[in-house]
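Q: Dropping a structure here in structure tokens format, bear with me for questions.
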Amino acid sequence: MIIPIFVTTIFKSMLLSILAGLFVAVGLIFIGKFIKNKWAAVSLTALPLGLFIYFLNYIPQIASGEIIYQKISWIPSFGVDLSFQLDGLSLLFSLMITGVGTLVFAYTSAYLKGHEYLDRFYAYLSMFMAAMLGLVLSDNLISLFVFWELTSISSFYLIGFNNTSEASRKSALTALGITGIGGLFLLAGALLLGSITDSYSIAEMLQNKDFLLQHEFYILAVIFIFGAAFTKSAQFPFHFWLPGAMKAPTPVSTYLHSATMVKAGIYLLLRFSPILGSTEFWNTTLILVGAVTMLYSAFHLLFRTDLKGILAYSTIAALGILVFLIGLGTQEAIIAALVFIVVHALYKASLFLITGIIDHETGTRDITKLAGLRKVLMPVAIAGFIAALISGGVPPSIGFVGKDLIYEATLGMPTNAILLTVIAIVTNILLFYAGFVAGVKPFTGKLPETYEKVHLPSWLMWFPPLLMVSAGMVFGIFPQLLESAFVGPATSSLVNDSEGFHLKLWHGFNTILGLSAITLVVGLLLYFILKPTHRLENFINKLEVISPKSILFFLTNGFEDFSKGWTNFFQNGYLRHYIATIVGFLVVALAFIIFSNFDLSLDVSSFSELTTYEIAIAIMMIGAVIFTVFTNSRLAAVASMGVVGFAFCLLFLFYSAPDLAMTQFSVDTLTVILFVLVLYRLPKYLHLSKNVLRLEHGILSLAFGSLITILVLKVLQEDQNSEITNFYAENSYLLAKGKNVVNVILVDFRGVDTLVEISVLIVAALGVFSLLKLRLKTRDKK
Amino acid sequence: MKTIILRTASDFLLPVLLLFSLFILLRGHYLPGGGFIGGLVAAIAFVLDAFANGLKNTKTLLKIHPGFLMPVGLSLAFVSAVTPLFFDLPLMTGLWASEPIPVIGNLGSALFFDTGVYLVVIGASLTIIFTISEAA
Amino acid sequence: MEILLAVITGLLYAAGIYMMLRRSLVKLILGIILLGNGVNLLIFLLGRITKGKPPIIPEEAKVFQEIYADPVPQALILTAIVISFGLQAFAIILVKRTYKVLGTDDLDQLNTTDEDS
């Protein structure tokens with residue numbers, strides 16, 4: 001009965017909504033080749049659309065303050081569960097992920113129509129969407145980490161989708177590297193928080209908030225969470241992967257940079273702000289990083305001529321604003337952040353999609369070349385204009401509401417209100433400029449002759465941006481719609497007391513309206529005065545040398561060179577270097593251990609006495625070994641090796657090992673025969689090494705030999721553990737009916753070993769056989 | 001190496017050494033000896049014969065390529081190792097005939113295993129030596 | 001006697017390592033054989049040496065009546081000897097083959113897997 005229960009749990013659960021994307025991704029491996037057909041590709045849009053509707057259904061429930069919590073035990077012993085929590089914040093993000101996802105899925109079917117790897121693209125996209133949903137729905141920090149990494153990995157595939165282009169591969173790798181480092185930060189933070197609060201559940205961490213804030217590792221935990229969020233959300237100085245990721249196909253940029261990937265860091269910060277926030281460290285760091293990021297990238301976008309480049313930097317600036325707002329931490333600021341997330345998703349996704357259409361139809365994204373396209377791409381031009389209005393915060397769009405909230409938040413700060421407001425205004429002016437350059441400029445002016453043949457693409461491409469900007473306008477005119485459905489529930493999951501605050505389009509004539517007006521006027525002026533040129537772009541590119549990107553690449557290249565040199569030093573292909581290194585290390589290690597607890601005394605009482613025979617054998621052996629080493633004749637060396645072998649034979653005989661003596665005798669005979677047979681086919685000895693090297697090696701080997709001698713003598717002083725020996729000896733006859741214990745061990749007690757051993761022998765014989773009988777290839781005969 | 005003395009001696013030495021190797025194999029369970037040593041002695045016997053009478057003659061004497069002894073021996077050892085499994089006993093359990101047999105003494109699966117070892121050792125050593133002396 | 005055997009073990013190790021550090025392939029093989037012998041002796045010694053008491057149960061008895069040599073290291077060494085025979089044969093042929101194909105036995109010239117070095 002376990003299985004049906006399990007199945008029903010699955011079907012009821014949010015897990016299915018996450019897994020759906022993964023199932024589709026896996027399914028596409030098998031049915032991928034059939035979706036090349038356009039309508040089949042469109043039908044894939046059913047996946048995000050279905051999920052979007054699924055999450056929409058939750059709105060009334062969540063808006064009434066309910067939190068849906070589902071838990072599936074995964075690794076209970078480590079406290080790792082698949083537990084999912086759907087509250088206002090998760091719902092807001094889920095709707096954004098699936099909503100924008102739906103439009104991107106539809107858009108892609110036209111944008112990449114007939115692409116060779118369309119199926120692959122959809123699979124990556126589904127996988128990415130599933131990972132994002134998992135991320136925002138997870139309540140367990142460990143599973144959140146897993147999904148976090150999954151987004152990094154699937155975004156790697158998406159960014160590097162044009163895998164034949166080196167730039168594309170490189171930027172995918174950079175993105176993976178940066179966000180991957182962030183993932184490690186998250187893991188560290190998760191483990192630390194888990195060990196402090198004794199639970200990985202975010203909901204339970206919220207209960208332990210006071211304890212956490214007092215804890216000595218609080219700062220460290222916050223740093224880890226920041227490390228994760230800043231890398232993912234492209235905050236300075238980790239921002240550079242984001243412009244690089246523009247190498248991806250436009251639908252990817254749209255999806256990753258407007259609503260999902262980069263917002264994951266924001267989500268993390270928002271999620272943790274009730275838990276870790278409201279301390280000075282938290283607030284100051286976020287404000288500082290956010291302010292630097294937004295100003296840095298806002299100024300950067302002035303110098304860009306590539307449409308996607310402008311959008312990339314304005315995205316970073318928007319992310320900076322979000323971090324900045326979370327840093328302010330007041331109720332107004334959090335609400336402003338949530339509204340701005342929606343606003344940004346709407347207009348940025350639209351602008352990206354519009355840029356994609358322009359690129360798709362004209363073949364260029366260079367803003368200095370594009371003009372007058374409204375004549376040929378009318379619906380797109382309308383969408384672009386409205387998107388620019390939202391982006392610039394022009395009433396009555398939702399952007400206006402969002403911008404007002406930001407100013408309200410900064411003005412409401414008890415300290416530095418003026419400075420913070422100025423920063424926000426400057427950034428907003430520049431974002432206004434960016435929105436107009438991307439959304440309006442390509443459509444105004446005189447249409448160049450080259451673009452007269454441009455025609456409107458499939459409605460699947462221009463309808464999605466139009467839909468989004470319409471939503472932006474509707475929300476602007478009826479802000480309570482946005483509030484009751486999305487922002488309100490999300491706020492209530494972050495702020496304790498969210499009553500008495502309502503989104504409004506019109507606040508009356510006050511300071512904030514004045515600031516908005518300043519923003520609009522200056523932004524418009526900037527748009528008309530400043531014309532993006534290549535000269536400016538080249539100028540800023542010269543400063544790249546000191547950017548964080550160059551510094552990081554310098555470091556990684558240095559590391560690469562260092563490891564290359566290190567490897568070449570040790571793995572140089574000279575066998576004797578390896579042996580010398582290994583032996584040298586052993587000598588040092590052994591010497592250290594032996595001499596660190598050195599005990600000179602040697603108890604010889606237990607040792608057996610010397611007899612003349614033994615001395616004779618020992619002398620024979622020592623002489624033969626030395627002769628083998630120093631003789632210049634191969635035959636003499638082989639002969640003296642034989643002597644060593646026979647001396648061994650005698651030794652075994654003396655010391656009660658008749659079996660060994662017989663084996664050694666036979667093997668020695670065969671070995672000598674073997675050597676004699678091939679000796680004259682073998683190369684002559686050459687005096688190859690320098691004498692200094694010989695001396696060096698001699699000293700090394702002698703040191704090793706002496707240490708072995710000392711080691712043996714030391715061990716002989718110790719008591720012997722003869723448990724195994726006694727077992728074999730006592731049971732040899734009783735259990736195995738044999739009296740020669742050695743043989744019984746070989747064929748009975750340890751018979752499987754012997755079986756393997758004779759197999760090895762066979763392999764060796766076959767090896768010899770095939771090496772010699774193998775015909776030399778013509779190439780080898782040279 | 002083809003002296004008359006060696007050649008004449010090897011005519012006797014080969015059967016004697018082979019017999020000796022069998023003797024060593026059989027008594028291995030009770031006294032020094034066993035499959036490894038027996039196999040090596042038998043291999044030496046053939047190598048000696050090859051030195052005296054030439055490799056070709058030894059090969060004709062052997063009739064089959066010594067390499068074939070290897071799989072035969074390995075399967076013998078393997079079968080005697082897994083046979084106990086059919087009697088619901090663990091791998092490699094010694095199975096013994098109830099009555100002792102003259103000369104050999106108790107007959108058990110260990111002897112078959114040792115015989116397998118014996119054959120593999122002969123096969124492997126002879127394959128190595130013969131291949132090398134042919135190629136040399 | 002143990003002291004003397006310990007010294008011989010050390011000598012075999014030293015000789016083996018020294019030969020392996022030479023550039024000639026033949027010496028490398030001789031070094032491996034010497035080192036193998038050293039290891040055998042080491043194992044043998046660590047099982048303690050006993051004179052004239054092979055680990056064979058007397059005919060009339062079913063268990064040992066008096067002290068006996070340790071059979072475990074003996075069984076280990078016995079397999080080691082036979083295996084090392086296979087190893088030696090294979091190594092020798094490998095050297096021979098290498099020499100024939102590449103025309104050198106200087107290990108310093110064999111430090112790359114590339115075809116043309």
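Starting from 1 in every chain, residues are counted up; chains themselves are A, B, ... following the order of the structure tokens, and ligands are numbered from 1 as listed.
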Sorted by chain and rising residue number, list the residues of chain C at most 12 Å from chain B (counting only C-alpha atoms), each with its closest atom pair and distance in Å to one decimal, as JSON lines.
A:
```
{"residue": "C:Pro54", "atom": "CA", "partner": "B:Pro32", "partner_atom": "CA", "distance": 8.9}
{"residue": "C:Pro55", "atom": "CA", "partner": "B:Pro32", "partner_atom": "CA", "distance": 9.3}
{"residue": "C:Ile56", "atom": "CA", "partner": "B:Leu31", "partner_atom": "CA", "distance": 6.7}
{"residue": "C:Ile57", "atom": "CA", "partner": "B:Tyr30", "partner_atom": "CA", "distance": 7.9}
{"residue": "C:Pro58", "atom": "CA", "partner": "B:Tyr30", "partner_atom": "CA", "distance": 9.1}
{"residue": "C:Glu59", "atom": "CA", "partner": "B:Tyr30", "partner_atom": "CA", "distance": 8.4}
{"residue": "C:Glu60", "atom": "CA", "partner": "B:Tyr30", "partner_atom": "CA", "distance": 11.7}
{"residue": "C:Ala61", "atom": "CA", "partner": "B:Tyr30", "partner_atom": "CA", "distance": 11.9}
{"residue": "C:Lys62", "atom": "CA", "partner": "B:Tyr30", "partner_atom": "CA", "distance": 11.4}
{"residue": "C:Pro71", "atom": "CA", "partner": "B:Pro32", "partner_atom": "CA", "distance": 11.8}
{"residue": "C:Gln74", "atom": "CA", "partner": "B:Pro32", "partner_atom": "CA", "distance": 11.8}
{"residue": "C:Ala75", "atom": "CA", "partner": "B:Phe36", "partner_atom": "CA", "distance": 11.1}
{"residue": "C:Leu78", "atom": "CA", "partner": "B:Phe36", "partner_atom": "CA", "distance": 8.4}
{"residue": "C:Thr79", "atom": "CA", "partner": "B:Phe36", "partner_atom": "CA", "distance": 8.5}
{"residue": "C:Ala80", "atom": "CA", "partner": "B:Phe36", "partner_atom": "CA", "distance": 11.4}
{"residue": "C:Ile81", "atom": "CA", "partner": "B:Phe36", "partner_atom": "CA", "distance": 10.1}
{"residue": "C:Val82", "atom": "CA", "partner": "B:Phe36", "partner_atom": "CA", "distance": 7.7}
{"residue": "C:Ile83", "atom": "CA", "partner": "B:Val121", "partner_atom": "CA", "distance": 10.3}
{"residue": "C:Ser84", "atom": "CA", "partner": "B:Ser125", "partner_atom": "CA", "distance": 11.9}
{"residue": "C:Phe85", "atom": "CA", "partner": "B:Ser125", "partner_atom": "CA", "distance": 8.6}
{"residue": "C:Gly86", "atom": "CA", "partner": "B:Ser125", "partner_atom": "CA", "distance": 7.9}
{"residue": "C:Leu87", "atom": "CA", "partner": "B:Ile128", "partner_atom": "CA", "distance": 10.9}
{"residue": "C:Gln88", "atom": "CA", "partner": "B:Ile128", "partner_atom": "CA", "distance": 10.6}
{"residue": "C:Ala89", "atom": "CA", "partner": "B:Ile128", "partner_atom": "CA", "distance": 7.0}
{"residue": "C:Phe90", "atom": "CA", "partner": "B:Ile128", "partner_atom": "CA", "distance": 8.4}
{"residue": "C:Ala91", "atom": "CA", "partner": "B:Ile128", "partner_atom": "CA", "distance": 11.7}
{"residue": "C:Ile92", "atom": "CA", "partner": "B:Ile132", "partner_atom": "CA", "distance": 9.9}
{"residue": "C:Ile93", "atom": "CA", "partner": "B:Ile132", "partner_atom": "CA", "distance": 7.9}
{"residue": "C:Leu94", "atom": "CA", "partner": "B:Ile132", "partner_atom": "CA", "distance": 11.5}
{"residue": "C:Lys96", "atom": "CA", "partner": "B:Ala136", "partner_atom": "CA", "distance": 10.1}
{"residue": "C:Arg97", "atom": "CA", "partner": "B:Ala135", "partner_atom": "CA", "distance": 11.0}
```
Q: For C:Gly36, list every protein, DNA or RNA residue within 9 Å, evaluated using only C-alpha atoms, and leave out those in the same chain fewer than 2 positions away; present the list as a list of chain:residue names.
A: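 With the cut-off at 9 Å, the set is C:Leu12, C:Tyr13, C:Gly16, C:Gly31, C:Ile32, C:Ile33, C:Leu34, C:Gly38, C:Val39, C:Asn40, C:Leu41, C:Ala80, C:Ile81, C:Ser84.
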Q: What separation in Å, quoted to one decimal, exists between atom CA of C:Arg48 and atom CA of C:Ala69?
A: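 Separation of atom CA of C:Arg48 and atom CA of C:Ala69: 7.7 Å.
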Q: Pick out the residues sitting within 12 Å of A:Phe211, and hand them over as an MDAnalysis selection string; count only C-alpha atoms, and ignore anything fewer than 5 positions along from it in its own chain.
A: chainID A and resid 193 196:198 204:206 216:218 275:276
Q: Taking the chain letters and numbering used in this document, name the residues of chain B that DSSP puts in helix (DSSP H, G or I), as an MDAnalysis selection string.
A: chainID B and resid 4:27 35:53 55:62 66:86 109:135
Q: From the options A:Phe727, A:Tyr54, A:Phe478, A:Tyr122, which residue's atoms come nearest to A:Ala106, counting only C-alpha atoms?
A: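 The answer is A:Tyr122, which sits nearest to A:Ala106.
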Q: Pick from A:Thr754, A:Asn572, A:Gln70, A:Asn428: nearest to B:Tyr118, with only C-alpha atoms counted?
A: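 Checking each of A:Thr754, A:Asn572, A:Gln70, A:Asn428 against B:Tyr118, counting only C-alpha atoms, the winner is A:Thr754.
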Q: If we count only C-alpha atoms and set the cut-off at 12 Å, which residues sit around B:Lys56, ignoring sequence neighbours fewer than 3 positions away in its own chain? Please answer as a VMD selection string.
A: chain B and resid 46 to 47 49 to 53 59 to 63 65 130 133 to 134
Q: For B:Leu119, list every protein, DNA or RNA residue within 9 Å, evaluated using only C-alpha atoms, and leave out those in the same chain fewer than 5 positions away; present the list as a ChimeraX atom specification.
A: /B:35,39,69-74,114,124
Q: Would you pick out the contacts of stretch 42-45 of chain C at 9 Å or less, using only C-alpha atoms, so that residues sharing its chain but fewer than 6 positions from it are not included, and give the list as a ChimeraX atom specification?
A: /A:652,708,712,716 /C:2,5-6,9-10,70,73-74,76-77
Q: Could you go through chain B and tell me which residues DSSP, when run on the backbone, assigns to strand (DSSP E or B), listing them as a PyMOL selection string?
A: chain B and resi 96+101+105+108
Q: What separation in Å, quoted to one decimal, exists between atom CA of A:Val487 and atom CA of A:Leu295?
A: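 Atom CA of A:Leu295 lies 26.6 Å from atom CA of A:Val487.
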Q: Separation of atom CA of A:Phe121 and atom CA of A:Leu158, in Å?
A: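 Taking atom CA of A:Phe121 and atom CA of A:Leu158, their separation equals 7.2 Å.
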Q: Neighbouring residues of C:Arg23 were defined as those with any atom within 8 Å, considering only C-alpha atoms; residues of the same chain fewer than 3 positions away were excluded. Please report them as a ChimeraX atom specification.
A: /A:576,688-689 /C:20,27-28,105-108
Q: Limited to N, CA, C and O atoms, could you put the picked residues into a file as a PDB file, in the first residue's frame?
A:
```pdb
ATOM      1  N   ARG A 576      62.812   7.845 -13.761  1.00  0.00           N
ATOM      2  CA  ARG A 576      63.617   7.877 -12.541  1.00  0.00           C
ATOM      3  C   ARG A 576      63.311   9.081 -11.666  1.00  0.00           C
ATOM      4  O   ARG A 576      63.492   9.038 -10.458  1.00  0.00           O
ATOM      5  N   LEU A 688      75.148   5.571 -19.119  1.00  0.00           N
ATOM      6  CA  LEU A 688      74.345   6.724 -19.518  1.00  0.00           C
ATOM      7  C   LEU A 688      74.385   7.863 -18.508  1.00  0.00           C
ATOM      8  O   LEU A 688      74.544   9.013 -18.873  1.00  0.00           O
ATOM      9  N   SER A 689      74.257   7.502 -17.236  1.00  0.00           N
ATOM     10  CA  SER A 689      74.137   8.559 -16.242  1.00  0.00           C
ATOM     11  C   SER A 689      75.501   9.148 -15.902  1.00  0.00           C
ATOM     12  O   SER A 689      76.524   8.487 -16.004  1.00  0.00           O
TER      13      SER A 689
ATOM     14  N   MET C  20      66.680   0.582 -10.412  1.00  0.00           N
ATOM     15  CA  MET C  20      65.508   1.173 -11.056  1.00  0.00           C
ATOM     16  C   MET C  20      65.752   2.631 -11.437  1.00  0.00           C
ATOM     17  O   MET C  20      65.076   3.162 -12.317  1.00  0.00           O
ATOM     18  N   LYS C  27      68.372  -2.813 -16.787  1.00  0.00           N
ATOM     19  CA  LYS C  27      68.660  -2.603 -15.370  1.00  0.00           C
ATOM     20  C   LYS C  27      67.377  -2.365 -14.581  1.00  0.00           C
ATOM     21  O   LYS C  27      67.277  -2.757 -13.419  1.00  0.00           O
ATOM     22  N   LEU C  28      66.425  -1.727 -15.225  1.00  0.00           N
ATOM     23  CA  LEU C  28      65.146  -1.503 -14.555  1.00  0.00           C
ATOM     24  C   LEU C  28      64.527  -2.833 -14.149  1.00  0.00           C
ATOM     25  O   LEU C  28      64.049  -3.001 -13.025  1.00  0.00           O
ATOM     26  N   ASP C 105      66.871   1.857 -25.539  1.00  0.00           N
ATOM     27  CA  ASP C 105      66.418   1.393 -24.232  1.00  0.00           C
ATOM     28  C   ASP C 105      66.743   2.445 -23.187  1.00  0.00           C
ATOM     29  O   ASP C 105      66.756   2.177 -22.001  1.00  0.00           O
ATOM     30  N   ASP C 106      67.045   3.657 -23.664  1.00  0.00           N
ATOM     31  CA  ASP C 106      67.309   4.750 -22.749  1.00  0.00           C
ATOM     32  C   ASP C 106      65.982   5.305 -22.273  1.00  0.00           C
ATOM     33  O   ASP C 106      65.197   5.838 -23.057  1.00  0.00           O
ATOM     34  N   LEU C 107      65.721   5.155 -20.990  1.00  0.00           N
ATOM     35  CA  LEU C 107      64.423   5.589 -20.471  1.00  0.00           C
ATOM     36  C   LEU C 107      64.198   7.077 -20.679  1.00  0.00           C
ATOM     37  O   LEU C 107      63.067   7.534 -20.798  1.00  0.00           O
ATOM     38  N   ASP C 108      65.274   7.844 -20.730  1.00  0.00           N
ATOM     39  CA  ASP C 108      65.116   9.286 -20.911  1.00  0.00           C
ATOM     40  C   ASP C 108      64.567   9.631 -22.283  1.00  0.00           C
ATOM     41  O   ASP C 108      64.067  10.725 -22.503  1.00  0.00           O
TER      42      ASP C 108
END
```
Q: For chain C, which residue out of A:Val625, A:Leu91, A:Val747, A:Ala736 is the nearest one, using only C-alpha atoms?
A: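 Using only C-alpha atoms, chain C sits closest to A:Val625.
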